[in-house]
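Here's the structure, in structure tokens; my notes come after.
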Amino acid sequence: MTDSVFSLSVADDGVAVVTIDVPGEKMNTLRSSFAEDLKTLLKDAQAQAVKGMVFISGKSDNFIAGADIKMLDSANSREDALALSEMCQQAFFDMKKLPFPTVSAIHGAALGGGLEFALACDYRVCSDSDITKLGLPEVQLGLLPGGGCTQRLPKLVGLQKALEWMLTGKQVRAKQAKKTGLVNDCVPHSVLLDVAKEFALKGKAKATKPKLDRLSQLLESNPFGRNIIFKKAQENVLKKTGGHYPAPLAIIKAVRASVELDQLKAYKTEAEGFATLVMSDESKALRGIFFATTEMKKEWRNDDAPAIAKAAVLGGGLMGAGIAHVSAVKAGVPVRIKDVAEKGISNAMNYSYKILDKKQKRRILSKADLQQTMNRITGTTDYSGFKHIDIVIEAVFEDLALKQGMVADVERECQDNTIFASNTSSLPIAQIAADAARPENVIGLHYFSPVEKMPLVEIIPHAGTSEETIARVVNFARKQGKTPIVVKDMAGFYVNRILAPYVNEAANLLLAGEPIEKIDQALVEFGFPVGPLALLDEVGIDIGSKIAPILEKELGERFKAPDAFNRLIDSKRLGRKTGRGFYLYDKKDKKVDESVYELLGVTPSPRLNKSEIAKRCVAQMLNEAVRCLDDGIIASPRDGDIGAIFGIGFPPFLGGPFSYMDKLGAAQVSSEMATFANYNPIFTPCDTLKAMAEKGDRFYQAESEEPAVVEATPVDPVEVTKEVVEDEQASEDADTETTKSSFFKLVNFKSPAH
């Protein structure tokens, strides 16, 4: 089998060891040739009178990391996609029907199709290594597991666990996999193969019941209880996704089929659901995001550039604390926090401690790991300890003179190649670097709050920034777990520049009499995670007021914020941080502050429907996004889509502003803007949009031809969202790395700040 990813060797005891190794690739993935290769392998094994078979990876750090998404490109129709699923299902049926036991020996990632492969074996043994994680990330791409997993997994771990893992894309660590029955044993890597061989000689595995607590047993053992589970799952999915994503509902339907239909019809339900999803616009959009982020990882790579080994942060506020946290925890480098007061330093260090302490209490990391991580974070009120720092990230308030002074301080106190990165949200980097002795080291590094949760970072070189500095900062941002986009140095950069007119239009609608909650609901129903006025409350109305004049000065009248908002600031209504803004906040909930209308001199008088409200706000964002492309703020529509999705939560199922405009067509977008411009000239479509409308042009002229291999599930350990079925019991969750998958990171964004 020289051309196969499988290599077979049979020992004297009759146990066949099959090594899975995709030639020339870092990760094992299921390719289009997989089914035929497996068929040949199994035929060869049976000819050699094998007594048992063990599958093990030839890679050092992964079992099978998923499937090659390019297989989906061959599906030109729903029938083609259906054939892909049925082919995979049949291959796994062939494994199940073997006359001898099969065992998966798992070390590293077993994700998506990799886990489905393991589930088709009689036994699963995994290493207890930290890198061993099992999961089903298909939902992140708008798909469901199409190789029989929706049928096999519930019988192994129960309906509730199966739904939770498939609906969230959550990865399961080795100990929890053993605890739930997903794997039969969890052993040190050094004896993994030996233990797997022992299972291979045990004989075919007998069906066992899932390891469930008494309540779960009661619910899952009868039709009435199961109906409660499926109903609750569907309610929570609709609440989280707003009905914009068909994949979670299709997963529920397929899992339900596993207990309500005969086997043939149940597997057919899964395959048909998979086929429908492959051809859906939502899945195509999510796959496009995956392709884009994969492609971006190749850019600005410079392996010869010096790595950033030590970092410092100026300012111990929320942004500074968050930047210090991701630097110490994600990037794993020592971080020095400088603040004018000891209290600022202690607050910043306590910020990280609280996050890590939650993980320690959930047994995600040990007490020793917590202490080791905290030891990387130190503080000072002067520049002591800065001599050998590689990057200094400034995170203070928007004051040009203050930031210029910090550049001078860093150039005096640090080494010649120390990078000065400003977290400014609006000030041009060229102005900050204007008096720098080494301007080639000055760059913008714009994070979004909360830093540890928001995936995007804007990297802003000015005209004099060196390419080495850009490459070093891009690499460091990726080490911090961020998705970086490099943008041009102009006021507002990209994200804030498209966000400002969107929020301003929401404010104009409010001043015209549209109710606060109606405006926000309209944009949430459109697909944003929060409405624009709720977002302004989260950011801080005072912060927004400081950014607006900078944008107006640099970019013109269309960025002018409503003067009426000064009344909110004068009355100390700054948003959530003061307990009131457009909404009143308490520990449990928020509600509209009705007194805002009187303060602003507004009498609520609804006239527009929600669709019209959403179109007006989004139109402003789309128009400005095209201007940003014209001005070279972003290098491509792809960067614009990623920036909007990961920076402000533009609906991922729409693919980003440029993909959305392509879907509607430039003619329709331009026409709607021209209609709005009849009452407000600010809506006039920009020249590029009008020209595209006349020619019928698109922003994306051809389908992506980039490689589409799933390398791993991009997840961040953050505070878990509500469980899909029920809250987990503390004892069940103790050994689980609680994660929010990329899918739910997209559809359930925390409110981003500037």
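Chain lettering (A, B, ...) mirrors the order of the structure tokens, residue numbering begins at 1 for each chain separately, and ligand numbering begins at 1 in order of display.
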request  = Any chance you could list, as a ChimeraX atom specification, the residues in region 340-510 of chain A that come up helix (DSSP H, G or I) when DSSP is run on the backbone?
outcome  = /A:342-361,367-374,400-413,429-432,439-441,467-479,495-510
message = Please list as a VMD selection string every residue within 9 Å of region 97-108 of chain A, counting only C-alpha atoms and excluding residues in the same chain fewer than 4 positions away.
response = chain A and resid 42 46 50 to 57 59 to 65 92 to 93 117 to 134 189 192 to 193 195 to 197 199 to 205
query = Got a sec: who's within 12 Å of Gly656 (chain A), counting only C-alpha atoms, leaving out chain neighbours fewer than 2 positions off, as a VMD selection string?
reply = chain A and resid 282 285 to 286 288 to 289 292 527 to 528 618 621 to 622 625 637 to 654 658 to 663 699 to 700 746
key: d(CA of Arg376 (chain A), CA of Arg363 (chain A)) in Å   = 20.6 Å
inquiry  = I want to know what sits within 8 Å of Gln151 (chain A), based on only C-alpha atoms, with residues of the same chain fewer than 3 positions away left out; could you give that as an NGL selection string?
reply    = :A and (148 or 154-155 or 254-255 or 257-258 or 266-267)
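Proximity ranking of A:Ala16, A:Ala328, A:Val335, A:Leu8 relative to Thr378 (chain A) places A:Val335 first, based on only C-alpha atoms.
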request  = Just the strand (DSSP E or B) stuff from region 380-571 of chain A, please, per backbone DSSP, written as a VMD selection string.
outcome  = chain A and resid 380 391 to 394 419 to 422 442 to 447 456 to 461 483 to 486
inquiry  = Excluding Ala512 (chain A) and its own-chain neighbours fewer than 5 positions away, which residues fall within 12 Å of it when counting only C-alpha atoms? Please give them as a PyMOL selection string.
reply    = chain A and resi 505-507+519+562+564+597+600-608+613
message = At a cut-off of 9 Å, using only C-alpha atoms, what residues contact Gly317 (chain A)? Leave out same-chain residues fewer than 6 positions from it and give the result as number ranges by chain.
response = A: 339, 344-345, 347-348, 395-396
If you keep N, CA and C atoms, can you produce a file of those selected residues as a PDB file, in the first residue's frame?
```
ATOM      1  N   ASP A 339       2.658  51.310  35.781  1.00  0.00           N
ATOM      2  CA  ASP A 339       1.546  52.214  36.022  1.00  0.00           C
ATOM      3  C   ASP A 339       2.030  53.306  36.965  1.00  0.00           C
ATOM      4  N   GLY A 344      -2.862  50.499  40.417  1.00  0.00           N
ATOM      5  CA  GLY A 344      -3.070  50.113  39.028  1.00  0.00           C
ATOM      6  C   GLY A 344      -2.387  48.797  38.704  1.00  0.00           C
ATOM      7  N   ILE A 345      -1.191  48.616  39.246  1.00  0.00           N
ATOM      8  CA  ILE A 345      -0.447  47.373  39.019  1.00  0.00           C
ATOM      9  C   ILE A 345      -1.166  46.197  39.672  1.00  0.00           C
ATOM     10  N   ASN A 347      -4.293  45.935  40.493  1.00  0.00           N
ATOM     11  CA  ASN A 347      -5.555  45.657  39.795  1.00  0.00           C
ATOM     12  C   ASN A 347      -5.319  44.842  38.526  1.00  0.00           C
ATOM     13  N   ALA A 348      -4.269  45.202  37.797  1.00  0.00           N
ATOM     14  CA  ALA A 348      -3.951  44.491  36.561  1.00  0.00           C
ATOM     15  C   ALA A 348      -3.545  43.047  36.848  1.00  0.00           C
ATOM     16  N   ALA A 395      -1.035  51.378  26.641  1.00  0.00           N
ATOM     17  CA  ALA A 395      -2.495  51.240  26.760  1.00  0.00           C
ATOM     18  C   ALA A 395      -3.033  52.293  27.712  1.00  0.00           C
ATOM     19  N   VAL A 396      -2.794  53.571  27.375  1.00  0.00           N
ATOM     20  CA  VAL A 396      -3.299  54.672  28.192  1.00  0.00           C
ATOM     21  C   VAL A 396      -4.342  55.430  27.382  1.00  0.00           C
TER      22      VAL A 396
END
```
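Considering the residues A:Thr19, A:Asn236, A:Ser671, A:Gln360 and counting only C-alpha atoms, Leu689 (chain A) has its shortest atom-to-atom contact with A:Ser671.
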query = Could you pull the residues within 10 Å of Gly273 (chain A), counting only C-alpha atoms, minus those fewer than 2 positions along the same chain, as a list in words?
reply = Ala81, Leu82, Ser85, Leu143, Leu144, Pro145, Gly146, Pro246, Ala247, Leu249, Ala250, Ile251, Lys253, Ala254, Tyr267, Lys268, Thr269, Glu270, Ala271, Ala275, Thr276, Leu277 and Val278 of chain A
Please dump the current selection as a PDB file, in the first residue's frame; keep C-alpha atoms.
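After the write, out.pdb holds the following:
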```
ATOM      1  CA  ALA A  81     -22.631  16.156  -1.105  1.00  0.00           C
ATOM      2  CA  LEU A  82     -25.007  13.336  -0.204  1.00  0.00           C
ATOM      3  CA  SER A  85     -21.573  11.469   3.417  1.00  0.00           C
ATOM      4  CA  LEU A 143     -22.025  21.504   8.936  1.00  0.00           C
ATOM      5  CA  LEU A 144     -22.880  18.403  10.939  1.00  0.00           C
ATOM      6  CA  PRO A 145     -20.698  15.298  11.394  1.00  0.00           C
ATOM      7  CA  GLY A 146     -21.605  13.268   8.320  1.00  0.00           C
ATOM      8  CA  PRO A 246     -29.281  25.861  10.171  1.00  0.00           C
ATOM      9  CA  ALA A 247     -26.512  23.455  11.268  1.00  0.00           C
ATOM     10  CA  LEU A 249     -31.043  22.437  14.179  1.00  0.00           C
ATOM     11  CA  ALA A 250     -29.955  19.798  11.662  1.00  0.00           C
ATOM     12  CA  ILE A 251     -27.713  18.231  14.316  1.00  0.00           C
ATOM     13  CA  LYS A 253     -32.787  16.423  14.051  1.00  0.00           C
ATOM     14  CA  ALA A 254     -30.137  13.821  13.240  1.00  0.00           C
ATOM     15  CA  TYR A 267     -28.324   7.361   8.964  1.00  0.00           C
ATOM     16  CA  LYS A 268     -30.173   8.684   5.923  1.00  0.00           C
ATOM     17  CA  THR A 269     -31.380  11.642   8.025  1.00  0.00           C
ATOM     18  CA  GLU A 270     -27.775  12.473   8.918  1.00  0.00           C
ATOM     19  CA  ALA A 271     -26.554  12.178   5.327  1.00  0.00           C
ATOM     20  CA  ALA A 275     -25.855  17.391   2.051  1.00  0.00           C
ATOM     21  CA  THR A 276     -28.294  20.260   2.584  1.00  0.00           C
ATOM     22  CA  LEU A 277     -25.857  22.094   4.837  1.00  0.00           C
ATOM     23  CA  VAL A 278     -22.925  21.742   2.411  1.00  0.00           C
TER      24      VAL A 278
END
```
